[in-house]
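Chemist: The file below is coords.cif, mmCIF, C-alpha atoms:
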data_data
#
loop_
_atom_site.label_atom_id
_atom_site.label_comp_id
_atom_site.auth_asym_id
_atom_site.auth_seq_id
_atom_site.Cartn_x
_atom_site.Cartn_y
_atom_site.Cartn_z
CA MET A 1 -26.18 5.68 -33.78
CA SER A 2 -23.99 5.24 -30.68
CA VAL A 3 -26.80 3.37 -28.91
CA LEU A 4 -27.32 1.17 -31.97
CA ILE A 5 -23.61 0.31 -32.21
CA THR A 6 -23.48 -0.47 -28.48
CA THR A 7 -26.58 -2.66 -28.70
CA ILE A 8 -25.26 -4.62 -31.68
CA ALA A 9 -21.80 -4.99 -30.10
CA ALA A 10 -23.30 -6.14 -26.77
CA ILE A 11 -25.56 -8.71 -28.46
CA LEU A 12 -22.70 -10.07 -30.57
CA ILE A 13 -20.28 -10.26 -27.63
CA PHE A 14 -22.72 -11.81 -25.15
CA GLY A 15 -24.09 -14.14 -27.78
CA LEU A 16 -20.68 -15.29 -29.01
CA VAL A 17 -19.27 -15.88 -25.52
CA VAL A 18 -22.24 -17.97 -24.35
CA MET A 19 -22.69 -19.80 -27.68
CA ILE A 20 -19.03 -20.87 -27.74
CA HIS A 21 -19.43 -22.14 -24.17
CA GLU A 22 -22.43 -24.24 -25.12
CA LEU A 23 -20.72 -25.42 -28.31
CA GLY A 24 -18.00 -26.91 -26.13
CA HIS A 25 -20.60 -28.92 -24.20
CA PHE A 26 -22.29 -29.97 -27.46
CA ILE A 27 -19.20 -31.20 -29.31
CA SER A 28 -17.82 -33.09 -26.31
CA ALA A 29 -21.23 -34.65 -25.57
CA LYS A 30 -21.51 -35.92 -29.14
CA LYS A 31 -17.98 -37.34 -28.99
CA ALA A 32 -18.81 -39.05 -25.68
CA GLY A 33 -21.86 -40.77 -27.20
CA ILE A 34 -24.40 -38.82 -25.14
CA GLN A 35 -27.86 -38.19 -26.55
CA VAL A 36 -28.13 -34.44 -27.19
CA ASN A 37 -31.81 -33.58 -27.52
CA GLU A 38 -31.30 -29.96 -28.57
CA PHE A 39 -28.62 -27.44 -29.43
CA SER A 40 -30.09 -23.95 -29.44
CA ILE A 41 -28.69 -20.65 -30.64
CA GLY A 42 -30.54 -17.99 -28.68
CA MET A 43 -33.24 -18.29 -26.04
CA GLY A 44 -37.03 -17.96 -25.94
CA PRO A 45 -39.54 -19.01 -28.64
CA ALA A 46 -38.15 -21.03 -31.55
CA LEU A 47 -37.90 -19.23 -34.89
CA PHE A 48 -36.53 -22.23 -36.74
CA THR A 49 -35.86 -25.86 -35.85
CA ARG A 50 -34.42 -28.83 -37.70
CA VAL A 51 -33.80 -32.38 -36.52
CA LYS A 52 -30.65 -34.14 -37.71
CA ASN A 53 -28.81 -37.18 -36.36
CA GLY A 54 -31.02 -37.37 -33.30
CA THR A 55 -30.59 -33.70 -32.28
CA ARG A 56 -32.91 -30.74 -32.68
CA TYR A 57 -31.05 -27.64 -33.87
CA SER A 58 -32.91 -24.42 -33.04
CA VAL A 59 -32.60 -20.71 -33.66
CA ARG A 60 -34.57 -18.79 -31.04
CA ALA A 61 -35.93 -15.28 -30.79
CA LEU A 62 -33.64 -13.79 -28.14
CA PRO A 63 -30.00 -13.56 -29.34
CA ILE A 64 -28.49 -13.99 -25.87
CA GLY A 65 -26.38 -17.13 -26.08
CA GLY A 66 -27.92 -20.59 -26.23
CA TYR A 67 -28.08 -23.93 -24.48
CA VAL A 68 -27.51 -27.67 -24.83
CA SER A 69 -30.13 -30.14 -23.61
CA MET A 70 -28.72 -33.62 -22.90
CA GLU A 71 -30.86 -36.67 -22.24
CA GLY A 72 -31.12 -37.40 -18.53
CA GLU A 73 -29.09 -34.40 -17.33
CA ASP A 74 -32.05 -32.43 -15.97
CA GLU A 75 -35.16 -34.53 -16.44
CA GLU A 76 -37.48 -31.95 -14.97
CA LEU A 77 -36.35 -29.36 -17.54
CA GLU A 78 -36.41 -31.44 -20.68
CA GLU A 79 -40.02 -31.05 -21.78
CA GLN A 80 -40.39 -28.42 -24.47
CA PRO A 81 -43.75 -26.59 -24.78
CA ALA A 82 -45.47 -27.40 -28.05
CA GLU A 83 -46.59 -23.80 -28.59
CA GLU A 84 -42.96 -22.78 -29.26
CA GLU A 85 -43.29 -24.16 -32.78
CA ALA A 86 -46.36 -22.07 -33.45
CA PHE A 87 -44.25 -18.92 -33.07
CA ALA A 88 -42.37 -19.84 -36.22
CA GLY A 89 -45.52 -20.82 -38.05
CA GLN A 90 -44.43 -24.42 -38.14
CA ALA A 91 -46.27 -27.59 -37.28
CA PRO A 92 -45.04 -29.26 -34.07
CA GLN A 93 -42.22 -31.67 -34.83
CA ALA A 94 -41.69 -35.13 -33.44
CA GLU A 95 -39.09 -35.59 -30.75
CA PRO A 96 -35.64 -36.52 -32.11
CA GLU A 97 -34.92 -40.23 -32.34
CA LYS A 98 -32.51 -41.22 -29.58
CA GLN A 99 -29.06 -42.02 -30.96
CA GLY A 100 -26.96 -41.79 -27.80
CA LEU A 101 -26.92 -42.71 -24.13
CA PRO A 102 -28.52 -40.68 -21.35
CA PHE A 103 -26.02 -38.43 -19.58
CA PRO A 104 -25.99 -40.40 -16.26
CA GLN A 105 -25.18 -43.68 -18.05
CA VAL A 106 -21.88 -42.46 -19.49
CA LYS A 107 -18.62 -42.98 -17.59
CA VAL A 108 -17.86 -40.34 -14.96
CA TRP A 109 -14.67 -39.11 -16.61
CA LYS A 110 -16.46 -38.57 -19.92
CA ARG A 111 -19.19 -36.58 -18.17
CA ALA A 112 -16.51 -34.50 -16.46
CA VAL A 113 -14.94 -33.72 -19.84
CA VAL A 114 -18.35 -32.66 -21.20
CA ILE A 115 -18.98 -30.37 -18.22
CA ALA A 116 -15.51 -28.80 -18.37
CA ALA A 117 -15.53 -28.41 -22.17
CA GLY A 118 -17.65 -25.24 -22.09
CA ALA A 119 -15.13 -23.37 -19.95
CA VAL A 120 -12.23 -24.74 -21.98
CA MET A 121 -13.84 -23.43 -25.18
CA ASN A 122 -14.16 -19.98 -23.56
CA LEU A 123 -10.44 -20.00 -22.76
CA ILE A 124 -9.62 -21.10 -26.31
CA LEU A 125 -11.84 -18.33 -27.69
CA GLY A 126 -9.99 -15.82 -25.50
CA PHE A 127 -6.65 -16.99 -26.90
CA VAL A 128 -7.92 -16.81 -30.51
CA VAL A 129 -9.35 -13.30 -30.00
CA LEU A 130 -6.06 -12.11 -28.49
CA LEU A 131 -4.21 -13.72 -31.39
CA VAL A 132 -6.32 -11.69 -33.83
CA MET A 133 -5.86 -8.51 -31.77
CA PHE A 134 -2.06 -8.77 -31.61
CA SER A 135 -1.89 -9.69 -35.31
CA MET A 136 -3.57 -6.34 -36.04
CA GLN A 137 -1.15 -4.28 -33.93
CA ASP A 138 1.93 -2.63 -35.40
CA VAL A 139 4.19 -3.36 -32.43
CA LEU A 140 4.24 -5.62 -29.38
CA VAL A 141 5.37 -4.56 -25.92
CA SER A 142 8.11 -6.38 -24.01
CA ARG A 143 9.03 -6.49 -20.30
CA THR A 144 12.57 -5.21 -20.89
CA ILE A 145 13.54 -1.75 -19.60
CA ALA A 146 14.49 0.60 -22.46
CA MET A 147 15.09 3.92 -20.67
CA PHE A 148 14.69 5.77 -17.38
CA GLU A 149 13.40 9.24 -16.68
CA GLU A 150 16.00 11.58 -15.27
CA GLY A 151 16.41 11.00 -11.55
CA ALA A 152 14.09 7.99 -11.51
CA PRO A 153 14.22 6.29 -8.06
CA ALA A 154 13.95 2.86 -9.76
CA GLN A 155 17.33 3.40 -11.45
CA ALA A 156 18.92 4.59 -8.23
CA ALA A 157 17.65 1.43 -6.50
CA GLY A 158 19.59 -0.78 -8.92
CA LEU A 159 17.42 -1.43 -11.98
CA GLU A 160 19.28 -1.02 -15.29
CA VAL A 161 18.47 -0.57 -18.97
CA GLY A 162 18.20 -4.02 -20.53
CA ASP A 163 16.77 -5.69 -17.41
CA GLU A 164 13.93 -8.06 -18.27
CA ILE A 165 11.34 -7.90 -15.50
CA MET A 166 10.45 -11.46 -14.51
CA ALA A 167 8.45 -10.91 -11.30
CA ILE A 168 7.34 -8.19 -8.88
CA ASN A 169 6.79 -8.93 -5.21
CA GLY A 170 7.28 -12.62 -5.98
CA ARG A 171 4.51 -12.77 -8.59
CA ARG A 172 5.51 -13.60 -12.14
CA CYS A 173 5.01 -10.98 -14.83
CA PHE A 174 3.70 -12.59 -18.00
CA VAL A 175 3.22 -9.32 -19.93
CA ALA A 176 3.98 -5.61 -19.57
CA ASN A 177 0.53 -4.99 -18.08
CA ASP A 178 1.53 -7.23 -15.17
CA ILE A 179 4.17 -4.66 -14.24
CA ILE A 180 1.58 -1.89 -13.94
CA TYR A 181 -0.91 -4.15 -12.15
CA GLU A 182 1.60 -5.37 -9.55
CA LEU A 183 3.00 -1.90 -8.89
CA GLN A 184 -0.51 -0.54 -8.34
CA ARG A 185 -1.05 -3.22 -5.68
CA SER A 186 2.25 -2.57 -3.89
CA GLN A 187 2.26 -0.84 -0.52
CA ASP A 188 3.95 2.51 0.10
CA TYR A 189 4.93 2.71 -3.60
CA THR A 190 7.72 0.19 -2.95
CA ALA A 191 8.21 -3.20 -4.61
CA ASP A 192 10.70 -6.07 -4.91
CA PHE A 193 11.85 -6.93 -8.44
CA THR A 194 13.17 -10.14 -9.96
CA VAL A 195 14.97 -9.38 -13.23
CA LYS A 196 17.03 -11.23 -15.84
CA ARG A 197 20.30 -9.43 -16.59
CA GLY A 198 22.93 -10.92 -18.87
CA GLY A 199 21.49 -14.41 -18.47
CA ARG A 200 21.47 -14.17 -14.64
CA ILE A 201 18.43 -13.87 -12.38
CA LEU A 202 18.83 -11.03 -9.87
CA GLN A 203 16.71 -9.91 -6.95
CA ILE A 204 16.45 -6.14 -6.37
CA ASN A 205 14.45 -5.24 -3.29
CA ASP A 206 12.84 -2.07 -1.97
CA VAL A 207 12.52 -0.29 -5.31
CA HIS A 208 10.66 2.95 -4.61
CA PHE A 209 8.49 4.91 -7.04
CA ASP A 210 7.23 8.47 -7.09
CA ALA A 211 3.59 9.28 -6.40
CA VAL A 212 1.87 11.66 -8.82
CA GLN A 213 -1.20 13.65 -7.79
CA ASN A 214 -3.85 14.09 -10.52
CA GLY A 215 -6.65 16.06 -8.89
CA GLU A 216 -8.09 13.78 -6.22
CA THR A 217 -6.35 10.68 -7.61
CA THR A 218 -2.86 9.55 -6.62
CA THR A 219 -1.04 7.39 -9.15
CA MET A 220 2.40 5.80 -9.31
CA ASN A 221 5.01 6.95 -11.80
CA MET A 222 7.18 3.99 -12.85
CA GLY A 223 9.94 6.26 -14.11
CA PHE A 224 10.94 3.93 -16.94
CA LYS A 225 9.75 2.66 -20.32
CA VAL A 226 10.06 -0.76 -21.93
CA TYR A 227 11.17 -1.86 -25.39
CA ALA A 228 8.87 -2.77 -28.25
CA MET A 229 9.24 -6.30 -29.61
CA GLU A 230 9.66 -7.33 -33.23
CA LYS A 231 6.33 -8.51 -34.62
CA THR A 232 6.94 -12.13 -35.61
CA VAL A 233 4.65 -15.16 -35.69
CA GLY A 234 6.37 -16.53 -32.61
CA ASN A 235 6.04 -13.27 -30.67
CA VAL A 236 2.37 -12.87 -31.61
CA LEU A 237 1.62 -16.42 -30.43
CA SER A 238 3.63 -15.82 -27.26
CA GLN A 239 1.83 -12.55 -26.48
CA ALA A 240 -1.59 -14.13 -27.05
CA GLY A 241 -0.72 -17.01 -24.74
CA ASN A 242 0.77 -14.78 -22.05
CA TYR A 243 -2.17 -12.37 -22.14
CA THR A 244 -4.54 -15.33 -21.76
CA LEU A 245 -2.63 -16.21 -18.58
CA PHE A 246 -2.64 -12.54 -17.51
CA TYR A 247 -6.42 -12.20 -17.92
CA GLY A 248 -7.03 -15.56 -16.26
CA ARG A 249 -4.99 -14.63 -13.20
CA LEU A 250 -6.56 -11.17 -13.17
CA VAL A 251 -10.05 -12.70 -12.98
CA PHE A 252 -9.04 -15.12 -10.21
CA ARG A 253 -7.27 -12.45 -8.15
CA SER A 254 -10.19 -10.04 -8.55
CA LEU A 255 -12.51 -12.70 -7.12
CA MET A 256 -10.08 -13.27 -4.24
CA ASP A 257 -9.95 -9.51 -3.60
CA LEU A 258 -13.75 -9.46 -3.30
CA VAL A 259 -13.76 -12.44 -0.92
CA THR A 260 -10.96 -11.06 1.28
CA GLY A 261 -12.38 -7.53 1.32
CA ARG A 262 -9.42 -5.90 -0.44
CA VAL A 263 -11.94 -4.58 -2.96
CA SER A 264 -15.39 -3.40 -1.85
CA ALA A 265 -18.44 -5.34 -3.02
CA THR A 266 -19.76 -2.02 -4.35
CA GLU A 267 -17.15 -2.32 -7.12
CA LEU A 268 -18.85 -5.49 -8.41
CA SER A 269 -20.23 -4.99 -11.90
CA GLY A 270 -23.02 -6.80 -13.77
CA PRO A 271 -24.64 -6.82 -17.22
CA VAL A 272 -25.34 -3.07 -17.21
CA GLY A 273 -21.71 -2.33 -16.36
CA ILE A 274 -20.52 -4.70 -19.07
CA VAL A 275 -22.70 -2.98 -21.66
CA SER A 276 -21.31 0.37 -20.48
CA ALA A 277 -17.77 -0.99 -20.90
CA ILE A 278 -18.67 -2.28 -24.38
CA ASN A 279 -19.95 1.21 -25.24
CA GLN A 280 -16.63 2.75 -24.20
CA ALA A 281 -14.64 0.07 -26.03
CA ALA A 282 -16.70 0.50 -29.22
CA GLY A 283 -15.83 4.21 -29.20
CA MET A 284 -12.10 3.44 -28.91
CA GLY A 285 -11.91 1.02 -31.81
CA LEU A 286 -11.87 -2.63 -32.77
CA SER A 287 -8.76 -3.43 -30.73
CA GLU A 288 -10.45 -2.36 -27.47
CA VAL A 289 -13.58 -4.37 -28.33
CA LEU A 290 -11.45 -7.47 -28.97
CA SER A 291 -9.58 -6.95 -25.71
CA LEU A 292 -12.88 -6.70 -23.80
CA LEU A 293 -14.24 -9.78 -25.60
CA ALA A 294 -11.14 -11.75 -24.58
CA LEU A 295 -11.48 -10.65 -20.96
CA LEU A 296 -15.20 -11.52 -20.84
CA THR A 297 -14.84 -14.98 -22.36
CA ILE A 298 -11.86 -15.87 -20.13
CA ASN A 299 -13.83 -14.48 -17.17
CA LEU A 300 -16.79 -16.72 -18.01
CA GLY A 301 -14.55 -19.75 -18.45
CA ILE A 302 -12.82 -19.36 -15.09
CA PHE A 303 -15.97 -18.32 -13.20
CA ASN A 304 -17.83 -21.39 -14.49
CA LEU A 305 -15.10 -23.68 -13.16
CA LEU A 306 -15.48 -22.39 -9.60
CA PRO A 307 -16.68 -25.21 -7.28
CA PHE A 308 -20.00 -23.48 -6.60
CA PRO A 309 -23.53 -24.94 -6.93
CA ALA A 310 -25.27 -24.33 -10.30
CA LEU A 311 -21.92 -23.66 -12.01
CA ASP A 312 -20.00 -26.20 -14.07
CA GLY A 313 -17.43 -26.36 -11.29
CA GLY A 314 -20.15 -27.41 -8.85
CA LYS A 315 -21.24 -30.18 -11.21
CA LEU A 316 -17.63 -31.35 -11.40
CA VAL A 317 -17.59 -31.61 -7.59
CA PHE A 318 -20.67 -33.86 -7.73
CA LEU A 319 -18.97 -36.02 -10.38
CA LEU A 320 -15.82 -36.19 -8.25
CA PHE A 321 -17.93 -37.49 -5.36
CA GLU A 322 -19.51 -40.08 -7.67
CA GLY A 323 -16.12 -41.14 -9.00
CA ILE A 324 -14.69 -41.62 -5.49
CA PHE A 325 -17.67 -43.34 -3.83
CA ARG A 326 -18.90 -45.18 -6.96
CA ARG A 327 -22.42 -43.82 -6.60
CA PRO A 328 -24.04 -40.46 -7.42
CA LEU A 329 -25.46 -38.10 -4.86
CA PRO A 330 -29.25 -38.25 -4.47
CA LYS A 331 -30.90 -36.40 -7.36
CA LYS A 332 -33.16 -34.42 -5.05
CA PHE A 333 -30.16 -33.21 -3.04
CA GLU A 334 -28.34 -32.15 -6.20
CA ILE A 335 -31.39 -30.26 -7.48
CA TRP A 336 -31.89 -28.54 -4.11
CA VAL A 337 -28.23 -27.48 -3.87
CA ASN A 338 -28.26 -26.16 -7.44
CA MET A 339 -31.45 -24.21 -6.78
CA VAL A 340 -29.83 -22.55 -3.76
CA GLY A 341 -26.82 -21.71 -5.92
CA LEU A 342 -29.02 -20.24 -8.64
CA VAL A 343 -30.88 -18.06 -6.14
CA PHE A 344 -27.56 -16.78 -4.76
CA LEU A 345 -26.18 -16.07 -8.24
CA PHE A 346 -29.38 -14.31 -9.26
CA GLY A 347 -29.22 -12.17 -6.13
CA LEU A 348 -25.57 -11.40 -6.85
CA MET A 349 -26.49 -10.31 -10.37
CA LEU A 350 -29.22 -8.02 -9.02
CA PHE A 351 -26.77 -6.52 -6.53
CA ALA A 352 -24.20 -5.94 -9.27
CA THR A 353 -26.85 -4.37 -11.52
CA PHE A 354 -27.86 -2.06 -8.66
CA ASN A 355 -24.18 -1.02 -8.36
CA ASP A 356 -24.03 -0.35 -12.11
CA LEU A 357 -27.15 1.81 -12.08
CA GLY A 358 -25.83 3.73 -9.08
CA ARG A 359 -22.63 4.55 -10.97
CA LEU A 360 -24.57 5.61 -14.06
CA PHE A 361 -27.09 7.83 -12.28
#
Go ahead and express the file in the form of structure tokens.
Modeler:
Amino acid sequence: MSVLITTIAAILIFGLVVMIHELGHFISAKKAGIQVNEFSIGMGPALFTRVKNGTRYSVRALPIGGYVSMEGEDEELEEQPAEEEAFAGQAPQAEPEKQGLPFPQVKVWKRAVVIAAGAVMNLILGFVVLLVMFSMQDVLVSRTIAMFEEGAPAQAAGLEVGDEIMAINGRRCFVANDIIYELQRSQDYTADFTVKRGGRILQINDVHFDAVQNGETTTMNMGFKVYAMEKTVGNVLSQAGNYTLFYGRLVFRSLMDLVTGRVSATELSGPVGIVSAINQAAGMGLSEVLSLLALLTINLGIFNLLPFPALDGGKLVFLLFEGIFRRPLPKKFEIWVNMVGLVFLFGLMLFATFNDLGRLF
């Protein structure tokens, strides 16, 4: 039963995250007057297809996301094998009648909006999921200190009950989790605080924290607790927005940690690790599943905007070049660069999967 729940949860989460991404491309392409040849839910052989308003809508056998095929975007990939229709027991259908312009013939800024829309939809989905999650919770957590443990070094250093923690080590704290995250990254269990006290912004430096030994793991004891917030519509909206920013910055900083070597590449996780995380979240309850879904969709949105070949961010770089120099890059060059990017990303996924399997076994 546990395996079944994990499988269903993984399919739903992966499928929803990727489908929402492609839906962003689809809606924006239609609005921009681009001919969309197909919008597919799922991958692989077609189970069902229907043509409407010049677009083929398909449901495919593998429930792992979907795709949008726009006229002229990738000419070499646009031909669909006729035998796909036989899988569904249907007669091959005629190609949709063209009702829009090919992708390259639309203004550069409109194409940029279409490319970026997938990532934007992922970020919007993350906000909506967090909104649902916080609406389900009984209380919300603030960044305001409520009490100190007896003899807490943080109190001796100058922090007081009622201080609202605005930043740690110069980095803004959007939510309470930022406090824990920043303190874990501090050196020698010492950090600089920026707090709001009585309407004034104060800087309190060299705040030290106790180290706690749990077996072979050393953790930091903050020595204080924060207040709960009243659950209002405004606070729920605020928490959802701030946690979207928290997750977004967390994703970006994690990538930077990998690049700079602060975190070992062996910590990189792939699909197997994500499924394992979904399994753990499913056992903890709906709130944990929603939190993981929000993190994954925000992760996908930000990762896709990176200026790397084969990603949406790489395509935006090509469009920026076209907008500046008034001519596109040679198609063969673009295809070659994207192929190199795909090979690298595929290799990275294999490496991450190898890491996941090593941790499991």
Chemist: For each of A:Val340, A:Ile8, A:Val236, A:Leu300, take the minimum atom-to-atom distance to Met136 of chain A, counting all atoms listed in the file, then give the residue where this is smallest.
Modeler: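 Closest residue, counting all atoms listed in the file: A:Val236.
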Chemist: Return the single residue from A:Met147, A:Ala116, A:Val106, A:Val226 that is closest to Leu316 of chain A, with distances computed using all atoms listed in the file.
Modeler: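 Checking each candidate against Leu316 of chain A, we get A:Ala116 as the closest.
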Chemist: Excluding Gly65 of chain A and residues on its chain fewer than 4 positions from it, collect all residues at most 9 Å away from it, counting only C-alpha atoms, and give them as JSON, numbers by chain.
Modeler: {"A": [11, 14, 15, 16, 17, 18, 19, 20, 21, 22, 40, 41, 42, 43]}
Chemist: Quick one: pull the distance between atom CA of Phe134 of chain A and atom CA of Ala240 of chain A, Å, one decimal.
Modeler: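 Atom CA of Ala240 of chain A lies at a distance of 7.1 Å from atom CA of Phe134 of chain A.
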Chemist: Closest to Asp178 of chain A among A:Gln203, A:Tyr247, A:Phe39, A:Asn214, using only C-alpha atoms?
Modeler: A:Tyr247
Chemist: Quick one: of A:Arg50, A:Arg185, A:Lys196, A:Arg56, who's nearest to Glu164 of chain A, counting only C-alpha atoms?
Modeler: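 Nearest to Glu164 of chain A: A:Lys196.
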Chemist: On this file, the PyMOL selection byres ((chain A and resi 288) around 12) gives some set of residues; write that set as a VMD selection string.
Modeler: chain A and resid 9 129 to 130 133 to 134 136 to 137 277 to 287 289 to 295
Chemist: Could you list the residues chosen by the PyMOL selection byres ((chain A and resi 53) around 8) in this structure as a PyMOL selection string?
Modeler: chain A and resi 51-52+54-55+97+99
Chemist: Name the closest residue to Val141 of chain A among the candidates A:Leu357, A:Ala156, A:Val259, A:Val175; distances are taken between atoms, counting only C-alpha atoms.
Modeler: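 Of A:Leu357, A:Ala156, A:Val259, A:Val175, the one nearest Val141 of chain A is A:Val175, counting only C-alpha atoms.
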Chemist: Run the PyMOL selection byres ((chain A and resi 301) around 9) on the file and write out the hits as a PyMOL selection string.
Modeler: chain A and resi 21+118-123+248+296-300+302-305
Chemist: Would you work out the distance separating atom CA of Asp312 of chain A from atom CA of Leu23 of chain A, expressed in Å to one decimal?
Modeler: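 Interatomic distance here is 14.3 Å.
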Chemist: Select from segment 189-260 of chain A every residue with an atom at most 9 Å from any atom of segment 143-146 of chain A, then for each give the shortest pair of atoms and their distance in Å to one decimal, using only C-alpha atoms, rows by chain and rising number, as JSON lines.
Modeler:
{"residue": "A:Phe224", "atom": "CA", "partner": "A:Ile145", "partner_atom": "CA", "distance": 6.8}
{"residue": "A:Lys225", "atom": "CA", "partner": "A:Ala146", "partner_atom": "CA", "distance": 5.6}
{"residue": "A:Val226", "atom": "CA", "partner": "A:Ile145", "partner_atom": "CA", "distance": 4.3}
{"residue": "A:Tyr227", "atom": "CA", "partner": "A:Ala146", "partner_atom": "CA", "distance": 5.1}
{"residue": "A:Ala228", "atom": "CA", "partner": "A:Thr144", "partner_atom": "CA", "distance": 8.6}
Chemist: In Å to one decimal, how far is atom CA of Phe127 of chain A from atom CA of Val36 of chain A?
Modeler: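 About the pair atom CA of Val36 of chain A and atom CA of Phe127 of chain A: they are 27.7 Å apart.
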Chemist: Of the residues A:Ile180, A:Met70, A:Glu334, A:Val161, which is the one nearest to Glu322 of chain A, using all atoms listed in the file?
Modeler: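 Of the candidates, the smallest distance to Glu322 of chain A is held by A:Glu334.
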Chemist: Name all residues at most 12 Å from Arg111 of chain A (count all atoms listed in the file; drop same-chain ones fewer than 3 positions away) and give them as a VMD selection string.
Modeler: chain A and resid 25 to 26 28 to 34 70 72 to 73 101 to 108 114 to 117 312 315 to 320 322 to 323
Chemist: List as a list in words the protein and nucleic acid residues near Phe321 of chain A, meaning an atom at most 12 Å away when all atoms listed in the file are counted, but skip any in the same chain fewer than 6 places from it.
Modeler: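 Answer for this query is Val108, Trp109, Ala112, Gly314, Lys315, Arg327, Pro328, Leu329, Pro330 and Glu334 of chain A.
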Chemist: How big is the axis-aligned box, and where does its centre sit, when it encloses all atoms of segment 240-253 of chain A listed in the file and has 8 Å added on every side, reported in Å to one decimal as JSON?
Modeler:
{"center_x": -4.6, "center_y": -14.1, "center_z": -17.6, "size_x": 26.8, "size_y": 21.8, "size_z": 34.9}
